[in-house]
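Student: Below is a structure I'd like to ask you about.
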Amino acid sequence: MLKTITFFALLLATVQSEVLVLEKRDAPPAGFLRVGPTPADQILNLRLALTQGNIAGLQDTVYEINTPGNTRYGQYLTLHEVNSFMAPTEETVAAVNSWLASKDLTARPITPAGDWISVNTTASQANELLAADFSTFQNQETNQTVVRTLSYSIPGNLTGGISWVHPTVNFPSAKALGIPSLRNTPSRAASGTFASPSISPNCRENSSWTPQCLQELYSIPSAPAKPVANVFGVSGFDDDFANKRDLKAFLVRYRLDMNPNTTFDLISVDDGINNQLPAGAGIVSDPAIQYTVGLATGVLVTFISTGELPNDFYTEMLDQAHSLLLMANPPQTVLNTWGSLESQVSAQIAISLCNVYAQLAARGVSYIVSTGALGGGVSTGGIGPGGCMAFDPPFPATCPFVIAVGATQFNVNATQETASSFSGGGFSNFFKRPTYQDTAVEGYLESASTQNTGFNVSSRAGRIPTHHPTVPDVSAIDQVQIILNGVENSLFASTSFSAAIFASIIALLSNERIAAGKPGLGFLNPLLYQNPSAFTDMTVGNNIGGCNTVAFNATAGWDPISGFGSPIYPKLQEVCNKL
C-alpha cells in the first residue's frame with residue numbers, strides 16, 4: 001500500500017500542474033447573450049461526475065436480470081450491489097480530493113456510490129480551479145440570467161477520473177417535452193366498422209377518450225388491484241402540481257365505480273411541494289395523476305414533486321433519479337413525461353442521466369417516459385438538402401434503459417386506431433442501439449418506405465443514425481378528457497397522456513405479479529421486444545419531421561412513430577403470468 005501511495009504522490013506532483021481542456025464551446029447557444037463577468041464573490045455549486053468503476057458491468061447485469069429466459073431474470077439488485085458497480089476507484093477519489101484541498105476546497109458526496117460530488121465555491125475560486133471564465137448570460141427570450149463558462153480545464157492526471165463538471169458549458173435547455181398541445185379535433189364518425197367491436201357508441205362518437213373508453217379499447221380491468229407493496233410514481237417538476245380537487249371531480253365524472261375520495265401520496269425531492277391552490281394545477285402533472293389513479297385502479301399512486309432549480313432542469317432530473325435510487329424500496333413503476341430534444345442537452349448530461357436510469361433498472365424499476373409531440377423532431381442545420389443535417393429525437397426517451405411511449409389517435413371518419421402525426425420518434429445521436437432492438441429495427445429498415453435511411457454519424461451524410469437506439473417502443477391514445485382547474489377540457493393531446501395510459505397498464509400487471517409472490521416487471525424492453533403480438537400494430541400514419549419532409553411512416557411491425565403499437569392488456573397479462 002505504501003508503494004502505491006508513494007507512486008501516486010509522485011505522479012500527482014509531476015502532472016497536476018499540467019491542465020487540459022475537458023469541455024469547451026465556441027459561443028453560447030442561440031438565444032443567449034453574455035452580459036458580463038460573474039461577480040467574484042458569487043457562490044457557485046459545482047457538481048463533479050467522477051468516472052464510474054464498472055458501468056459496462058452494471059449494464060450487462062441489467063440486461064441479464066430483465067431478459068425473460070435468462071436464469072437471472074427478476075433477480076433485481078440491492079442498492080449496495082448497484083453501488084459496487086458505480087463507485088469510482090480509491091485512486092480517483094484520492095486524486096480529486098487532493099486537487100480540491102490544494103485550492104482550500106472540500107467536496108461532499110451526493111450519491112451513495114460517491115460517483116457524484118458537490119463543491120461550493122465563489123466564482124473567483126471556480127475560475128482558478130477550472131481555468132475558466134464564469135460569466136453571466138441572458139436568455140433573450142425570457143430575460144432570465146444564468147452563470148456559465150465557455151470552457152474549463154482540469155489537471156492532466158484527473159482526465160481519466162473526472163467525466164465532466166456542471167454547470168459549466170451546458171446551458172439551460174427546453175423542458176416538459178410532453179406538455180399537452182392544443183388540437184382541435186372534430187368528433188369521430190360513429191358509422192362504419194370500428195377497430196374493436198366492444199367499443200360502445202359513446203366512445204366512438206367522442207373526440208377525446210375517457211377512462212371507461214380506454215378500458216374498453218385496451219381491455220384494461222376496472223376491478224381494484226389487490227392491496228400489495230406496489231407503488232406507482234408520477235413525476236412532477238418546476239412547480240407543476242397535481243390538484244386533489246381536480247382528481248376528485250375527475251373520478252366523480254368518469255369513474256363512478258371508484259371511491260371519489262381516492263387520492264395519492266407525495267414524495268418531495270429538492271424541497272418539492274404540491275401546491276393545492278385553486279388555480280395551481282399543472283397542465284402536465286394534473287392529467288397524469290388523473291389517468292394513473294383513474295386507470296391503475298387500486299394501485300397506490302405517489303406524486304414525486306421535484307423542486308425547481310433555476311436554469312438547471314437536468315440537475316432536477318438527476319436529483320429525482322438519485323433520490324429514487326436511494327430508497328430501500330423504490331416505486332416499481334415511475335412515469336416521467338418531461339424532457340427535451342437531444343440537441344438541447346449535452347451528450348455528457350444525457351449519458352450521465354441514462355446511467356442513473358440503468359441503475360434504477362437494476363433495482364427493478366419500470367421507468368416509463370413519453371416521446372414528446374414534435375414528430376421526428378425539428379432538424380438541425382448543416383450539411384444536407386436545404387441545410388438539413390439530422391432529425392432531432394427526444395430525450396430521455398432515447399436512453400436504452402427507459403420505456404418510451406409514442407402516440408396514436410382516431411382521425412375524423414376513421415374506423416381504426418392509427419399512428420399520430422405528432423408522435424415523437426427517431427434514432428438517437430448519443431447511444432448505441434441495444435441488442436434487444438436489433439431484429440425489430442433491422443426489419444423496419446429493410447422494409448420501410450422512407451427516404452431517410454443510411455445516416456452516417458461520422459460523415460453526417462444523411463439524417464438517421466441507424467445503428468443507434470430508436471423510439472418509441474410502444475404507443476397509446478394521445479387525446480383524453482381532463483379536468484384542469486375545475487374545467488373539463490378535451491382540446492389537448494400529448495404523448496404525456498399516452499405514457500400515463502401505458503404506465504398504468506404496467507403498474508397493474510406488476511401488481512398482479514407481486515400479488516402472486518413474484519417480482520415486479522422491472523425494465524420492460526427486453527420483454528416487450530420478445531412479444532410484439534401483445535400489441536395492436538399501427539400500419540397507417542406518419543409523423544412530421546424537419547427538412548420539409550415526413551419523418552417516418554407507420555409500417556407492419558415495429559416503426560419509429562408508434563413502436564410496436566398500442567397495448568392489448570389480456571395478451572400482456574398472459575405473457576407476464578408465464579414468467
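Residues in the C-alpha cells are named by chain (A, B, ... in the order shown) and by number from 1 within that chain; ligands are numbered from 1 in the order shown.
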Given only C-alpha atoms, how would the per-residue table for stretch 132-166 of chain A near stretch 82-94 of chain A read, listing every residue at most 12 Å away with its closest atom pair and distance in Å to one decimal, sorted by chain and number, as a Markdown table?

Tutor:
| residue | atom | partner | partner_atom | distance |
| --- | --- | --- | --- | --- |
| A:Asn157 | CA | A:Thr92 | CA | 9.5 |
| A:Leu158 | CA | A:Thr92 | CA | 7.6 |
| A:Thr159 | CA | A:Thr92 | CA | 10.0 |
| A:Gly160 | CA | A:Thr92 | CA | 8.3 |
| A:Gly161 | CA | A:Thr92 | CA | 5.4 |
| A:Ile162 | CA | A:Thr92 | CA | 8.2 |
| A:Ser163 | CA | A:Pro88 | CA | 11.1 |

Student: Just the helix (DSSP H, G or I) stuff from stretch 43-101 of chain A, please, per backbone DSSP, written as a PyMOL selection string.

Tutor: chain A and resi 55-66+79-86+90-101

Student: Determine the nearest neighbour of A:Asp60 from the options A:Ala361, A:Asn336, A:Ser494, A:Gly233, counting only C-alpha atoms.

Tutor: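 Among the listed residues, the smallest separation from A:Asp60 belongs to A:Ala361.
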
Student: Tell me which protein, DNA and RNA residues are within 12 Å of A:Pro434, counting only C-alpha atoms, leaving out same-chain ones fewer than 2 positions away, and put them as a list in words.

Tutor: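 Near A:Pro434, the qualifying residues are Gln59, Asp60, Val62, Tyr63, Thr398, Cys399, Pro400, Phe401, Val402, Ser428, Phe431, Lys432, Tyr436, Gln437, Asp438, Thr439, Ala440, Val441, Thr466, His467, His468, Pro469, Thr470, Val471, Asn525, Pro526 and Tyr529 of chain A.
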
Student: Between atom CA of A:Glu23 and atom CA of A:Asp115, what distance in Å does the model show, to one decimal?

Tutor: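 Taking atom CA of A:Glu23 as the start and atom CA of A:Asp115 as the end point, the length is 19.1 Å.
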
Student: In terms of the shortest atom-to-atom distance over only C-alpha atoms, which of A:Lys571, A:Val231, A:Ala49, A:Leu58 is closest to A:Glu81?

Tutor: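 With only C-alpha atoms as the atom set, the closest residue is A:Leu58.
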
Student: What is the distance between atom CA of A:Asn243 and atom CA of A:Gly280, in Å to one decimal?

Tutor: 7.3 Å

Student: Have a look at A:Thr71, A:Thr315, A:Asn274, A:Thr333 and name the one nearest to A:Ser510; count only C-alpha atoms.

Tutor: A:Thr333
